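The structure file data20.pdb is reproduced below (PDB, C-alpha atoms).
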ATOM      1  CA  MET A   1      85.749  73.572 118.784  1.00  0.00           C
ATOM      2  CA  LYS A   2      89.169  74.051 120.386  1.00  0.00           C
ATOM      3  CA  LEU A   3      89.366  74.494 124.156  1.00  0.00           C
ATOM      4  CA  ILE A   4      92.358  76.235 125.730  1.00  0.00           C
ATOM      5  CA  VAL A   5      92.587  76.211 129.538  1.00  0.00           C
ATOM      6  CA  VAL A   6      95.085  78.645 131.056  1.00  0.00           C
ATOM      7  CA  ASP A   7      96.234  79.252 134.595  1.00  0.00           C
ATOM      8  CA  ASN A   8      95.031  82.793 135.129  1.00  0.00           C
ATOM      9  CA  TYR A   9      93.386  85.879 133.663  1.00  0.00           C
ATOM     10  CA  GLN A  10      96.672  87.427 132.528  1.00  0.00           C
ATOM     11  CA  GLU A  11      97.498  84.379 130.439  1.00  0.00           C
ATOM     12  CA  LEU A  12      93.945  84.326 129.061  1.00  0.00           C
ATOM     13  CA  SER A  13      94.303  87.954 127.975  1.00  0.00           C
ATOM     14  CA  GLU A  14      97.663  87.325 126.322  1.00  0.00           C
ATOM     15  CA  ARG A  15      96.437  84.246 124.445  1.00  0.00           C
ATOM     16  CA  ALA A  16      93.323  86.047 123.216  1.00  0.00           C
ATOM     17  CA  ALA A  17      95.345  89.060 122.077  1.00  0.00           C
ATOM     18  CA  GLY A  18      97.679  86.698 120.252  1.00  0.00           C
ATOM     19  CA  VAL A  19      94.809  85.196 118.270  1.00  0.00           C
ATOM     20  CA  LEU A  20      93.524  88.626 117.249  1.00  0.00           C
ATOM     21  CA  VAL A  21      96.937  90.062 116.397  1.00  0.00           C
ATOM     22  CA  THR A  22      97.742  86.989 114.281  1.00  0.00           C
ATOM     23  CA  GLU A  23      94.491  87.484 112.369  1.00  0.00           C
ATOM     24  CA  VAL A  24      95.448  91.080 111.563  1.00  0.00           C
ATOM     25  CA  ALA A  25      99.013  90.096 110.627  1.00  0.00           C
ATOM     26  CA  VAL A  26      97.711  87.513 108.150  1.00  0.00           C
ATOM     27  CA  LYS A  27      95.024  89.843 106.805  1.00  0.00           C
ATOM     28  CA  PRO A  28      95.764  93.557 107.374  1.00  0.00           C
ATOM     29  CA  GLN A  29      92.261  94.447 106.110  1.00  0.00           C
ATOM     30  CA  ALA A  30      90.640  92.099 108.645  1.00  0.00           C
ATOM     31  CA  ILE A  31      87.027  92.598 109.682  1.00  0.00           C
ATOM     32  CA  LEU A  32      86.859  92.189 113.463  1.00  0.00           C
ATOM     33  CA  GLY A  33      83.770  91.645 115.602  1.00  0.00           C
ATOM     34  CA  LEU A  34      84.396  93.009 119.078  1.00  0.00           C
ATOM     35  CA  ALA A  35      82.796  92.436 122.471  1.00  0.00           C
ATOM     36  CA  THR A  36      82.661  94.469 125.657  1.00  0.00           C
ATOM     37  CA  GLY A  37      82.415  93.568 129.333  1.00  0.00           C
ATOM     38  CA  SER A  38      85.031  92.938 131.997  1.00  0.00           C
ATOM     39  CA  THR A  39      86.529  89.785 130.457  1.00  0.00           C
ATOM     40  CA  PRO A  40      87.981  91.333 127.243  1.00  0.00           C
ATOM     41  CA  GLU A  41      89.561  94.284 129.070  1.00  0.00           C
ATOM     42  CA  GLY A  42      92.849  92.474 129.594  1.00  0.00           C
ATOM     43  CA  MET A  43      92.935  91.426 125.951  1.00  0.00           C
ATOM     44  CA  TYR A  44      92.411  95.020 124.843  1.00  0.00           C
ATOM     45  CA  ALA A  45      95.201  96.194 127.149  1.00  0.00           C
ATOM     46  CA  GLN A  46      97.558  93.674 125.546  1.00  0.00           C
ATOM     47  CA  ILE A  47      96.508  94.784 122.056  1.00  0.00           C
ATOM     48  CA  VAL A  48      97.155  98.440 122.906  1.00  0.00           C
ATOM     49  CA  LYS A  49     100.614  97.477 124.181  1.00  0.00           C
ATOM     50  CA  LEU A  50     101.447  95.517 121.028  1.00  0.00           C
ATOM     51  CA  ASN A  51     100.204  98.351 118.809  1.00  0.00           C
ATOM     52  CA  ARG A  52     102.371 100.878 120.646  1.00  0.00           C
ATOM     53  CA  GLU A  53     105.348  98.544 120.215  1.00  0.00           C
ATOM     54  CA  GLY A  54     104.722  98.465 116.467  1.00  0.00           C
ATOM     55  CA  LYS A  55     103.833  94.769 116.465  1.00  0.00           C
ATOM     56  CA  VAL A  56     100.347  95.178 115.010  1.00  0.00           C
ATOM     57  CA  ASP A  57      98.850  97.752 112.646  1.00  0.00           C
ATOM     58  CA  PHE A  58      95.131  98.602 112.688  1.00  0.00           C
ATOM     59  CA  SER A  59      95.183 101.239 109.952  1.00  0.00           C
ATOM     60  CA  GLN A  60      93.337  98.981 107.487  1.00  0.00           C
ATOM     61  CA  VAL A  61      91.159  97.096 109.966  1.00  0.00           C
ATOM     62  CA  THR A  62      87.365  97.460 110.151  1.00  0.00           C
ATOM     63  CA  THR A  63      85.447  96.668 113.333  1.00  0.00           C
ATOM     64  CA  PHE A  64      81.826  95.848 114.133  1.00  0.00           C
ATOM     65  CA  ASN A  65      80.757  95.767 117.748  1.00  0.00           C
ATOM     66  CA  LEU A  66      78.554  93.015 119.044  1.00  0.00           C
ATOM     67  CA  ASP A  67      75.990  94.990 121.033  1.00  0.00           C
ATOM     68  CA  GLU A  68      74.969  98.205 122.768  1.00  0.00           C
ATOM     69  CA  TYR A  69      72.520  99.227 125.456  1.00  0.00           C
ATOM     70  CA  ALA A  70      69.370 100.800 124.027  1.00  0.00           C
ATOM     71  CA  GLY A  71      68.596 104.374 125.026  1.00  0.00           C
ATOM     72  CA  LEU A  72      71.991 105.029 126.643  1.00  0.00           C
ATOM     73  CA  ALA A  73      73.802 108.055 125.213  1.00  0.00           C
ATOM     74  CA  PRO A  74      77.222 107.333 123.647  1.00  0.00           C
ATOM     75  CA  GLU A  75      78.927 109.676 126.115  1.00  0.00           C
ATOM     76  CA  HIS A  76      77.492 107.771 129.100  1.00  0.00           C
ATOM     77  CA  GLU A  77      80.360 106.077 130.924  1.00  0.00           C
ATOM     78  CA  GLN A  78      78.552 102.718 130.855  1.00  0.00           C
ATOM     79  CA  SER A  79      77.710 102.789 127.157  1.00  0.00           C
ATOM     80  CA  TYR A  80      79.627 100.339 125.048  1.00  0.00           C
ATOM     81  CA  TYR A  81      80.555 103.184 122.697  1.00  0.00           C
ATOM     82  CA  TYR A  82      82.361 104.839 125.619  1.00  0.00           C
ATOM     83  CA  TYR A  83      83.870 101.514 126.717  1.00  0.00           C
ATOM     84  CA  MET A  84      85.330 100.695 123.295  1.00  0.00           C
ATOM     85  CA  HIS A  85      86.784 104.136 122.702  1.00  0.00           C
ATOM     86  CA  HIS A  86      88.245 104.277 126.212  1.00  0.00           C
ATOM     87  CA  GLN A  87      89.605 100.723 126.279  1.00  0.00           C
ATOM     88  CA  LEU A  88      90.801 100.440 122.678  1.00  0.00           C
ATOM     89  CA  PHE A  89      89.934 102.800 119.826  1.00  0.00           C
ATOM     90  CA  HIS A  90      91.457 105.983 121.249  1.00  0.00           C
ATOM     91  CA  GLN A  91      94.701 104.115 121.941  1.00  0.00           C
ATOM     92  CA  ILE A  92      95.394 102.389 118.611  1.00  0.00           C
ATOM     93  CA  ASN A  93      95.862 103.557 115.021  1.00  0.00           C
ATOM     94  CA  ILE A  94      92.423 102.611 113.727  1.00  0.00           C
ATOM     95  CA  ARG A  95      90.596 105.021 111.415  1.00  0.00           C
ATOM     96  CA  PRO A  96      87.379 106.350 112.985  1.00  0.00           C
ATOM     97  CA  GLU A  97      85.398 105.759 109.805  1.00  0.00           C
ATOM     98  CA  GLN A  98      86.232 102.049 110.017  1.00  0.00           C
ATOM     99  CA  ILE A  99      84.570 101.686 113.446  1.00  0.00           C
ATOM    100  CA  ASN A 100      80.989 100.411 113.440  1.00  0.00           C
ATOM    101  CA  MET A 101      78.850 100.389 116.586  1.00  0.00           C
ATOM    102  CA  PRO A 102      75.204  99.391 117.130  1.00  0.00           C
ATOM    103  CA  SER A 103      72.914 102.378 117.600  1.00  0.00           C
ATOM    104  CA  CYS A 104      71.647 103.272 121.064  1.00  0.00           C
ATOM    105  CA  ASP A 105      68.741 105.180 119.496  1.00  0.00           C
ATOM    106  CA  LEU A 106      65.376 103.416 119.700  1.00  0.00           C
ATOM    107  CA  GLU A 107      63.952 105.412 116.784  1.00  0.00           C
ATOM    108  CA  ASP A 108      63.867 103.299 113.578  1.00  0.00           C
ATOM    109  CA  VAL A 109      65.677 100.516 115.439  1.00  0.00           C
ATOM    110  CA  ASP A 110      64.381  97.762 113.134  1.00  0.00           C
ATOM    111  CA  GLN A 111      65.723  99.546 110.082  1.00  0.00           C
ATOM    112  CA  PHE A 112      69.059 100.138 111.790  1.00  0.00           C
ATOM    113  CA  CYS A 113      69.343  96.446 112.658  1.00  0.00           C
ATOM    114  CA  ARG A 114      68.703  95.397 109.070  1.00  0.00           C
ATOM    115  CA  GLU A 115      71.250  97.898 107.807  1.00  0.00           C
ATOM    116  CA  TYR A 116      73.846  96.788 110.379  1.00  0.00           C
ATOM    117  CA  ASP A 117      73.762  93.220 109.059  1.00  0.00           C
ATOM    118  CA  GLN A 118      73.893  94.576 105.498  1.00  0.00           C
ATOM    119  CA  ARG A 119      77.001  96.615 106.350  1.00  0.00           C
ATOM    120  CA  ILE A 120      78.715  93.537 107.750  1.00  0.00           C
ATOM    121  CA  ALA A 121      77.879  91.559 104.619  1.00  0.00           C
ATOM    122  CA  ALA A 122      79.017  94.416 102.349  1.00  0.00           C
ATOM    123  CA  ALA A 123      82.363  94.513 104.180  1.00  0.00           C
ATOM    124  CA  GLY A 124      82.869  90.831 103.377  1.00  0.00           C
ATOM    125  CA  GLY A 125      81.726  89.315 106.659  1.00  0.00           C
ATOM    126  CA  ILE A 126      83.490  89.125 110.009  1.00  0.00           C
ATOM    127  CA  ASP A 127      86.844  87.364 109.938  1.00  0.00           C
ATOM    128  CA  LEU A 128      87.203  87.057 113.717  1.00  0.00           C
ATOM    129  CA  GLN A 129      84.452  87.540 116.282  1.00  0.00           C
ATOM    130  CA  VAL A 130      85.361  88.014 119.941  1.00  0.00           C
ATOM    131  CA  LEU A 131      82.753  86.855 122.463  1.00  0.00           C
ATOM    132  CA  GLY A 132      82.296  86.821 126.204  1.00  0.00           C
ATOM    133  CA  ILE A 133      79.636  84.721 127.893  1.00  0.00           C
ATOM    134  CA  GLY A 134      77.076  85.504 130.554  1.00  0.00           C
ATOM    135  CA  GLY A 135      76.505  83.343 133.592  1.00  0.00           C
ATOM    136  CA  ASN A 136      73.216  82.282 131.996  1.00  0.00           C
ATOM    137  CA  GLY A 137      74.941  81.285 128.757  1.00  0.00           C
ATOM    138  CA  HIS A 138      74.103  84.353 126.689  1.00  0.00           C
ATOM    139  CA  ILE A 139      76.453  85.607 123.985  1.00  0.00           C
ATOM    140  CA  GLY A 140      76.021  89.186 122.924  1.00  0.00           C
ATOM    141  CA  PHE A 141      72.647  89.918 124.463  1.00  0.00           C
ATOM    142  CA  ASN A 142      71.055  86.782 123.029  1.00  0.00           C
ATOM    143  CA  GLU A 143      69.263  85.690 126.170  1.00  0.00           C
ATOM    144  CA  PRO A 144      67.998  82.172 127.015  1.00  0.00           C
ATOM    145  CA  GLY A 145      64.424  81.534 125.939  1.00  0.00           C
ATOM    146  CA  GLU A 146      62.107  79.325 123.953  1.00  0.00           C
ATOM    147  CA  GLN A 147      63.086  81.126 120.748  1.00  0.00           C
ATOM    148  CA  LEU A 148      66.264  82.845 119.578  1.00  0.00           C
ATOM    149  CA  ARG A 149      66.688  85.509 116.911  1.00  0.00           C
ATOM    150  CA  VAL A 150      68.888  85.087 113.850  1.00  0.00           C
ATOM    151  CA  HIS A 151      69.673  88.672 112.871  1.00  0.00           C
ATOM    152  CA  THR A 152      70.673  91.865 114.683  1.00  0.00           C
ATOM    153  CA  HIS A 153      67.714  92.933 116.805  1.00  0.00           C
ATOM    154  CA  LEU A 154      66.374  94.762 119.848  1.00  0.00           C
ATOM    155  CA  VAL A 155      66.144  92.484 122.879  1.00  0.00           C
ATOM    156  CA  ASP A 156      64.600  92.739 126.352  1.00  0.00           C
ATOM    157  CA  LEU A 157      67.265  91.908 128.933  1.00  0.00           C
ATOM    158  CA  THR A 158      66.536  89.213 131.482  1.00  0.00           C
ATOM    159  CA  GLU A 159      66.521  89.971 135.181  1.00  0.00           C
ATOM    160  CA  ASP A 160      69.654  87.816 135.575  1.00  0.00           C
ATOM    161  CA  THR A 161      71.538  89.953 133.064  1.00  0.00           C
ATOM    162  CA  ILE A 162      70.281  93.196 134.577  1.00  0.00           C
ATOM    163  CA  GLN A 163      71.431  92.082 138.011  1.00  0.00           C
ATOM    164  CA  ALA A 164      74.798  90.886 136.688  1.00  0.00           C
ATOM    165  CA  ASN A 165      75.402  94.227 134.945  1.00  0.00           C
ATOM    166  CA  SER A 166      74.199  96.304 137.881  1.00  0.00           C
ATOM    167  CA  ARG A 167      77.741  96.230 139.308  1.00  0.00           C
ATOM    168  CA  PHE A 168      78.656  98.774 136.616  1.00  0.00           C
ATOM    169  CA  PHE A 169      75.848 101.150 137.640  1.00  0.00           C
ATOM    170  CA  SER A 170      74.819 102.821 140.896  1.00  0.00           C
ATOM    171  CA  SER A 171      71.849 100.444 141.146  1.00  0.00           C
ATOM    172  CA  ALA A 172      69.991  97.786 139.166  1.00  0.00           C
ATOM    173  CA  GLU A 173      67.286 100.366 138.424  1.00  0.00           C
ATOM    174  CA  GLU A 174      69.785 102.350 136.315  1.00  0.00           C
ATOM    175  CA  VAL A 175      70.659  99.409 134.051  1.00  0.00           C
ATOM    176  CA  PRO A 176      68.960  99.724 130.643  1.00  0.00           C
ATOM    177  CA  LYS A 177      66.257  97.119 130.141  1.00  0.00           C
ATOM    178  CA  GLN A 178      66.891  96.662 126.415  1.00  0.00           C
ATOM    179  CA  ALA A 179      69.853  96.329 124.077  1.00  0.00           C
ATOM    180  CA  VAL A 180      70.652  96.024 120.394  1.00  0.00           C
ATOM    181  CA  THR A 181      72.633  92.866 119.662  1.00  0.00           C
ATOM    182  CA  MET A 182      73.864  90.812 116.763  1.00  0.00           C
ATOM    183  CA  GLY A 183      71.691  87.718 116.487  1.00  0.00           C
ATOM    184  CA  LEU A 184      73.021  84.187 116.677  1.00  0.00           C
ATOM    185  CA  GLY A 185      72.853  83.843 112.904  1.00  0.00           C
ATOM    186  CA  SER A 186      74.925  86.995 112.495  1.00  0.00           C
ATOM    187  CA  ILE A 187      77.494  85.642 114.965  1.00  0.00           C
ATOM    188  CA  MET A 188      77.620  82.202 113.359  1.00  0.00           C
ATOM    189  CA  LEU A 189      78.438  83.729 109.946  1.00  0.00           C
ATOM    190  CA  SER A 190      81.814  84.819 111.358  1.00  0.00           C
ATOM    191  CA  LYS A 191      84.713  82.889 109.849  1.00  0.00           C
ATOM    192  CA  LYS A 192      86.439  82.409 113.214  1.00  0.00           C
ATOM    193  CA  ILE A 193      85.190  82.923 116.781  1.00  0.00           C
ATOM    194  CA  ILE A 194      87.024  83.210 120.083  1.00  0.00           C
ATOM    195  CA  LEU A 195      85.040  82.995 123.310  1.00  0.00           C
ATOM    196  CA  LEU A 196      86.631  84.137 126.574  1.00  0.00           C
ATOM    197  CA  ALA A 197      85.595  83.296 130.128  1.00  0.00           C
ATOM    198  CA  ALA A 198      87.207  83.771 133.519  1.00  0.00           C
ATOM    199  CA  GLY A 199      86.129  82.932 137.054  1.00  0.00           C
ATOM    200  CA  LYS A 200      83.968  80.336 138.754  1.00  0.00           C
ATOM    201  CA  ALA A 201      80.768  82.281 138.020  1.00  0.00           C
ATOM    202  CA  LYS A 202      81.147  81.242 134.359  1.00  0.00           C
ATOM    203  CA  ALA A 203      81.936  77.577 135.044  1.00  0.00           C
ATOM    204  CA  GLU A 204      78.433  76.157 134.557  1.00  0.00           C
ATOM    205  CA  ALA A 205      77.789  78.161 131.397  1.00  0.00           C
ATOM    206  CA  ILE A 206      81.115  77.064 129.913  1.00  0.00           C
ATOM    207  CA  ALA A 207      80.513  73.396 130.782  1.00  0.00           C
ATOM    208  CA  ARG A 208      77.067  73.473 129.164  1.00  0.00           C
ATOM    209  CA  THR A 209      78.462  75.325 126.130  1.00  0.00           C
ATOM    210  CA  VAL A 210      81.260  72.827 125.573  1.00  0.00           C
ATOM    211  CA  CYS A 211      79.777  69.540 126.785  1.00  0.00           C
ATOM    212  CA  GLY A 212      76.021  70.003 126.938  1.00  0.00           C
ATOM    213  CA  LEU A 213      73.194  69.699 124.464  1.00  0.00           C
ATOM    214  CA  ILE A 214      72.571  72.456 121.947  1.00  0.00           C
ATOM    215  CA  THR A 215      69.650  74.293 123.499  1.00  0.00           C
ATOM    216  CA  THR A 216      68.019  77.716 123.525  1.00  0.00           C
ATOM    217  CA  ALA A 217      68.419  77.579 127.319  1.00  0.00           C
ATOM    218  CA  ILE A 218      72.173  78.094 126.734  1.00  0.00           C
ATOM    219  CA  PRO A 219      72.490  80.265 123.620  1.00  0.00           C
ATOM    220  CA  ALA A 220      76.278  79.801 123.526  1.00  0.00           C
ATOM    221  CA  SER A 221      75.779  76.066 122.979  1.00  0.00           C
ATOM    222  CA  ILE A 222      75.070  76.799 119.299  1.00  0.00           C
ATOM    223  CA  LEU A 223      78.805  77.435 118.923  1.00  0.00           C
ATOM    224  CA  GLN A 224      79.230  73.649 118.857  1.00  0.00           C
ATOM    225  CA  LEU A 225      77.968  73.864 115.258  1.00  0.00           C
ATOM    226  CA  HIS A 226      80.583  76.391 114.133  1.00  0.00           C
ATOM    227  CA  ARG A 227      83.575  75.147 112.164  1.00  0.00           C
ATOM    228  CA  ASP A 228      86.244  77.313 113.822  1.00  0.00           C
ATOM    229  CA  VAL A 229      85.735  78.239 117.480  1.00  0.00           C
ATOM    230  CA  ILE A 230      88.468  78.737 120.065  1.00  0.00           C
ATOM    231  CA  ILE A 231      87.336  78.868 123.691  1.00  0.00           C
ATOM    232  CA  ILE A 232      89.932  80.329 126.068  1.00  0.00           C
ATOM    233  CA  VAL A 233      89.153  79.968 129.776  1.00  0.00           C
ATOM    234  CA  ASP A 234      90.979  80.078 133.071  1.00  0.00           C
ATOM    235  CA  ARG A 235      90.975  77.084 135.394  1.00  0.00           C
ATOM    236  CA  GLU A 236      88.086  78.362 137.497  1.00  0.00           C
ATOM    237  CA  ALA A 237      85.869  78.754 134.432  1.00  0.00           C
ATOM    238  CA  ALA A 238      86.897  75.285 133.240  1.00  0.00           C
ATOM    239  CA  ALA A 239      86.237  73.593 136.585  1.00  0.00           C
ATOM    240  CA  LEU A 240      82.994  71.815 135.586  1.00  0.00           C
ATOM    241  CA  ILE A 241      84.061  70.571 132.156  1.00  0.00           C
ATOM    242  CA  THR A 242      84.009  66.770 132.112  1.00  0.00           C
TER     243      THR A 242
END
Write the structure described by the file as structure tokens, please.
Amino acid sequence: MKLIVVDNYQELSERAAGVLVTEVAVKPQAILGLATGSTPEGMYAQIVKLNREGKVDFSQVTTFNLDEYAGLAPEHEQSYYYYMHHQLFHQINIRPEQINMPSCDLEDVDQFCREYDQRIAAAGGIDLQVLGIGGNGHIGFNEPGEQLRVHTHLVDLTEDTIQANSRFFSSAEEVPKQAVTMGLGSIMLSKKIILLAAGKAKAEAIARTVCGLITTAIPASILQLHRDVIIIVDREAAALIT
């Protein structure tokens, strides 16, 4: 596990974009696992800029997104489908057929989840997985609990996560209560992982991820077992690391 502490969010975004762009430069047919949320937005903005400058080419890249709210229509402004197309896909030269997103449809969700993992495996596995982290230590929507799931699955969101995500909706009542997410086993199969965190609200989760015991109470702590993880954080998020 490699820890990179930067001064501010702008530098975090630039460093993260650099890791991803390097991956694509080395392997133009790279399989990328992508995350949503407020933290990766700056990274995506940097990637769009570099693509427009001709410094990175996504024409052969395939992407698999980490998660999606269940029951939220793709055209909903808070769906992760909308987020990814608005923040990244519509602004770079990626082929639409190479974009893979978890389904928001609850019908046959178990079958979809099995097939999603099969599609990742058939593509050759994820070369680089981008992750954010919740204040409670979740990655994707793998929430703290006594047990954690290995494969892509439907999950009930915790009240902490619902409240944290309510800032994107008119009220907490509008936040979906379930999501489809890659499981921790699916994430850990990635060849390389970068985890991004900014702000003091993430400081405890980052400290327990980097320095704490591996525990289901902090799902991100399992990343200690991965062979190639880069954690990029600003100084506020790194404040409790000892």
For Leu213 of chain A, which of A:Leu225, A:Met43, A:Ile162, A:Ala17 is the closest residue, counting only C-alpha atoms?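 The shortest atom-to-atom distance to Leu213 of chain A comes from A:Leu225.
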Among the residues A:Glu146, A:Asp127, A:Glu174, A:Glu107, the one that comes closest to Val229 of chain A [using only C-alpha atoms]: A:Asp127
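Picture a line from atom CA of Glu143 of chain A to atom CA of Thr158 of chain A; it runs 6.9 Å.
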Near Ile4 of chain A, counting all atoms listed in the file, which residues have an atom at most 9 Å away, once you skip same-chain residues fewer than 2 positions from it, shown as a list in words?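 Within the cut-off, the hits are Lys2, Val6, Leu12, Ile230, Ile231, Ile232, Val233 and Asp234 of chain A.
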Could you list the residues chosen by the PyMOL selection byres ((chain A and resi 148) around 8) in this structure as an MDAnalysis selection string? chainID A and resid 142:147 149:150 183:184 216 219
Starting from the displayed file, determine the output of the PyMOL selection byres ((chain A and resi 83-86) around 12) and express the residue list as an MDAnalysis selection string. chainID A and resid 33:38 40:41 44:45 48 63:69 74:82 87:96 99:102 168
Please, could you write that set of residues out with C-alpha atoms as a PDB file, in the coordinates of the input?
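Just written: out29.pdb:
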ATOM      1  CA  GLY A  33      83.770  91.645 115.602  1.00  0.00           C
ATOM      2  CA  LEU A  34      84.396  93.009 119.078  1.00  0.00           C
ATOM      3  CA  ALA A  35      82.796  92.436 122.471  1.00  0.00           C
ATOM      4  CA  THR A  36      82.661  94.469 125.657  1.00  0.00           C
ATOM      5  CA  GLY A  37      82.415  93.568 129.333  1.00  0.00           C
ATOM      6  CA  SER A  38      85.031  92.938 131.997  1.00  0.00           C
ATOM      7  CA  PRO A  40      87.981  91.333 127.243  1.00  0.00           C
ATOM      8  CA  GLU A  41      89.561  94.284 129.070  1.00  0.00           C
ATOM      9  CA  TYR A  44      92.411  95.020 124.843  1.00  0.00           C
ATOM     10  CA  ALA A  45      95.201  96.194 127.149  1.00  0.00           C
ATOM     11  CA  VAL A  48      97.155  98.440 122.906  1.00  0.00           C
ATOM     12  CA  THR A  63      85.447  96.668 113.333  1.00  0.00           C
ATOM     13  CA  PHE A  64      81.826  95.848 114.133  1.00  0.00           C
ATOM     14  CA  ASN A  65      80.757  95.767 117.748  1.00  0.00           C
ATOM     15  CA  LEU A  66      78.554  93.015 119.044  1.00  0.00           C
ATOM     16  CA  ASP A  67      75.990  94.990 121.033  1.00  0.00           C
ATOM     17  CA  GLU A  68      74.969  98.205 122.768  1.00  0.00           C
ATOM     18  CA  TYR A  69      72.520  99.227 125.456  1.00  0.00           C
ATOM     19  CA  PRO A  74      77.222 107.333 123.647  1.00  0.00           C
ATOM     20  CA  GLU A  75      78.927 109.676 126.115  1.00  0.00           C
ATOM     21  CA  HIS A  76      77.492 107.771 129.100  1.00  0.00           C
ATOM     22  CA  GLU A  77      80.360 106.077 130.924  1.00  0.00           C
ATOM     23  CA  GLN A  78      78.552 102.718 130.855  1.00  0.00           C
ATOM     24  CA  SER A  79      77.710 102.789 127.157  1.00  0.00           C
ATOM     25  CA  TYR A  80      79.627 100.339 125.048  1.00  0.00           C
ATOM     26  CA  TYR A  81      80.555 103.184 122.697  1.00  0.00           C
ATOM     27  CA  TYR A  82      82.361 104.839 125.619  1.00  0.00           C
ATOM     28  CA  GLN A  87      89.605 100.723 126.279  1.00  0.00           C
ATOM     29  CA  LEU A  88      90.801 100.440 122.678  1.00  0.00           C
ATOM     30  CA  PHE A  89      89.934 102.800 119.826  1.00  0.00           C
ATOM     31  CA  HIS A  90      91.457 105.983 121.249  1.00  0.00           C
ATOM     32  CA  GLN A  91      94.701 104.115 121.941  1.00  0.00           C
ATOM     33  CA  ILE A  92      95.394 102.389 118.611  1.00  0.00           C
ATOM     34  CA  ASN A  93      95.862 103.557 115.021  1.00  0.00           C
ATOM     35  CA  ILE A  94      92.423 102.611 113.727  1.00  0.00           C
ATOM     36  CA  ARG A  95      90.596 105.021 111.415  1.00  0.00           C
ATOM     37  CA  PRO A  96      87.379 106.350 112.985  1.00  0.00           C
ATOM     38  CA  ILE A  99      84.570 101.686 113.446  1.00  0.00           C
ATOM     39  CA  ASN A 100      80.989 100.411 113.440  1.00  0.00           C
ATOM     40  CA  MET A 101      78.850 100.389 116.586  1.00  0.00           C
ATOM     41  CA  PRO A 102      75.204  99.391 117.130  1.00  0.00           C
ATOM     42  CA  PHE A 168      78.656  98.774 136.616  1.00  0.00           C
TER      43      PHE A 168
END
Which residues, named as in the file, does the PyMOL selection byres ((chain A and resi 106) around 12) pick out? Answer as a list in words. Glu68, Tyr69, Ala70, Gly71, Leu72, Ala73, Pro102, Ser103, Cys104, Asp105, Glu107, Asp108, Val109, Asp110, Gln111, Phe112, Cys113, His153, Leu154, Val155, Gln178, Ala179 and Val180 of chain A
Would you mind exporting C-alpha atoms of the selected residues as a PDB file, keeping the file's coordinate frame?
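Output saved as out14.pdb:
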ATOM      1  CA  GLU A  68      74.969  98.205 122.768  1.00  0.00           C
ATOM      2  CA  TYR A  69      72.520  99.227 125.456  1.00  0.00           C
ATOM      3  CA  ALA A  70      69.370 100.800 124.027  1.00  0.00           C
ATOM      4  CA  GLY A  71      68.596 104.374 125.026  1.00  0.00           C
ATOM      5  CA  LEU A  72      71.991 105.029 126.643  1.00  0.00           C
ATOM      6  CA  ALA A  73      73.802 108.055 125.213  1.00  0.00           C
ATOM      7  CA  PRO A 102      75.204  99.391 117.130  1.00  0.00           C
ATOM      8  CA  SER A 103      72.914 102.378 117.600  1.00  0.00           C
ATOM      9  CA  CYS A 104      71.647 103.272 121.064  1.00  0.00           C
ATOM     10  CA  ASP A 105      68.741 105.180 119.496  1.00  0.00           C
ATOM     11  CA  GLU A 107      63.952 105.412 116.784  1.00  0.00           C
ATOM     12  CA  ASP A 108      63.867 103.299 113.578  1.00  0.00           C
ATOM     13  CA  VAL A 109      65.677 100.516 115.439  1.00  0.00           C
ATOM     14  CA  ASP A 110      64.381  97.762 113.134  1.00  0.00           C
ATOM     15  CA  GLN A 111      65.723  99.546 110.082  1.00  0.00           C
ATOM     16  CA  PHE A 112      69.059 100.138 111.790  1.00  0.00           C
ATOM     17  CA  CYS A 113      69.343  96.446 112.658  1.00  0.00           C
ATOM     18  CA  HIS A 153      67.714  92.933 116.805  1.00  0.00           C
ATOM     19  CA  LEU A 154      66.374  94.762 119.848  1.00  0.00           C
ATOM     20  CA  VAL A 155      66.144  92.484 122.879  1.00  0.00           C
ATOM     21  CA  GLN A 178      66.891  96.662 126.415  1.00  0.00           C
ATOM     22  CA  ALA A 179      69.853  96.329 124.077  1.00  0.00           C
ATOM     23  CA  VAL A 180      70.652  96.024 120.394  1.00  0.00           C
TER      24      VAL A 180
END
Protein, DNA and RNA residues within 8 Å of (84.0, 87.5, 109.2), only C-alpha atoms, as a short mmCIF file (atom, residue, chain, number, x, y, z; two decimals) with C-alpha atoms, in the frame of the given file:
data_model
loop_
_atom_site.label_atom_id
_atom_site.label_comp_id
_atom_site.auth_asym_id
_atom_site.auth_seq_id
_atom_site.Cartn_x
_atom_site.Cartn_y
_atom_site.Cartn_z
CA ILE A 31 87.03 92.60 109.68
CA LEU A 32 86.86 92.19 113.46
CA GLY A 33 83.77 91.64 115.60
CA GLY A 124 82.87 90.83 103.38
CA GLY A 125 81.73 89.32 106.66
CA ILE A 126 83.49 89.12 110.01
CA ASP A 127 86.84 87.36 109.94
CA LEU A 128 87.20 87.06 113.72
CA GLN A 129 84.45 87.54 116.28
CA LEU A 189 78.44 83.73 109.95
CA SER A 190 81.81 84.82 111.36
CA LYS A 191 84.71 82.89 109.85
CA LYS A 192 86.44 82.41 113.21
#
So which one's closest to Ala25 of chain A, A:Asn8, A:Thr39, A:Lys55, A:Ala238? Using all atoms listed in the file, please.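 Under the stated criterion, the closest residue is A:Lys55.
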Distance query Leu131 of chain A at most 8 Å, all atoms listed in the file, self and fewer than 4 positions along chain excluded, as a ChimeraX atom specification: /A:34-35,139-140,193-196
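Distances to Glu204 of chain A were evaluated for A:Thr242, A:Gln224, A:Ser59, A:Ser166 using all atoms listed in the file, and the minimum falls at A:Thr242.
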Just to confirm, what's the straight-line distance from atom CA of Gln60 of chain A to atom CA of Gln29 of chain A in Å (one decimal)?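 Taking atom CA of Gln60 of chain A and atom CA of Gln29 of chain A, their separation equals 4.9 Å.
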Name the residues in contact with Cys211 of chain A at a cut-off of 10 Å, using all atoms listed in the file, excluding same-chain residues fewer than 5 positions from it; report them as a VMD selection string. chain A and resid 205 to 206 221 224 240 to 242
